[in-house]
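> Okay, here's the structure, questions in a sec.
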Amino acid sequence: MLQRNLLYTAITRGKKLVLLIGVPYAIDRAIATNTVRERRTSLAELVGGPGGT
């Protein structure tokens with residue numbers, strides 16, 4: 001979960017205020033991790049899109 005894209009998404013979704021609560025090392029690590037791993041969700045199945053039945 002310590003990935004730059006997920007941290008960016010969390011921060012940019014805030015409308016008025018964003019508080020980052022955690023260990024500074026973890027936030028630094030998320031910023032430094034630029035690789036994106038495949039996210040396994042069942043969203044396609046839930047909405048009936050490609051791959052869903």
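So you can find residues: chains in the structure tokens are A, B, ... in the order shown, residues in each start at 1, and ligands are numbered from 1 in order.
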Once DSSP has gone over the backbone, tell me which residues of chain A are in alpha helix (DSSP H), as a VMD selection string.
chain A and resid 4 to 12 24 to 32 43 to 47
> Mind dumping the selected residues with C-alpha atoms as a short mmCIF file (atom, residue, chain, number, x, y, z; two decimals), in the first residue's frame?

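Output below, filename result-v8.cif:
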data_model
loop_
_atom_site.label_atom_id
_atom_site.label_comp_id
_atom_site.auth_asym_id
_atom_site.auth_seq_id
_atom_site.Cartn_x
_atom_site.Cartn_y
_atom_site.Cartn_z
CA ARG A 4 3.16 7.07 -4.68
CA ASN A 5 0.04 6.83 -6.86
CA LEU A 6 -2.16 5.76 -3.93
CA LEU A 7 -0.81 8.52 -1.70
CA TYR A 8 -1.35 11.06 -4.50
CA THR A 9 -4.95 9.87 -4.97
CA ALA A 10 -5.65 10.12 -1.25
CA ILE A 11 -4.25 13.65 -1.03
CA THR A 12 -5.94 15.00 -4.16
CA PRO A 24 7.35 10.00 8.41
CA TYR A 25 9.42 7.06 7.18
CA ALA A 26 6.29 5.42 5.73
CA ILE A 27 5.26 8.58 3.89
CA ASP A 28 8.81 9.00 2.55
CA ARG A 29 8.77 5.39 1.38
CA ALA A 30 5.44 5.85 -0.39
CA ILE A 31 6.79 8.91 -2.19
CA ALA A 32 9.91 7.00 -3.24
CA LEU A 43 -14.95 -4.19 -9.86
CA ALA A 44 -15.35 -5.51 -13.42
CA GLU A 45 -17.46 -8.37 -12.13
CA LEU A 46 -19.60 -6.04 -10.05
CA VAL A 47 -20.39 -3.66 -12.92
#
> Do you have the CA of Arg39 in chain A-CA of Lys16 in chain A distance handy?
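These two atoms are separated by 28.2 Å.
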> Can you measure CA of Gly22 in chain A to CA of Asn34 in chain A for me? One decimal in Å is fine.
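Rounded to one decimal, the two atoms are 19.4 Å apart.
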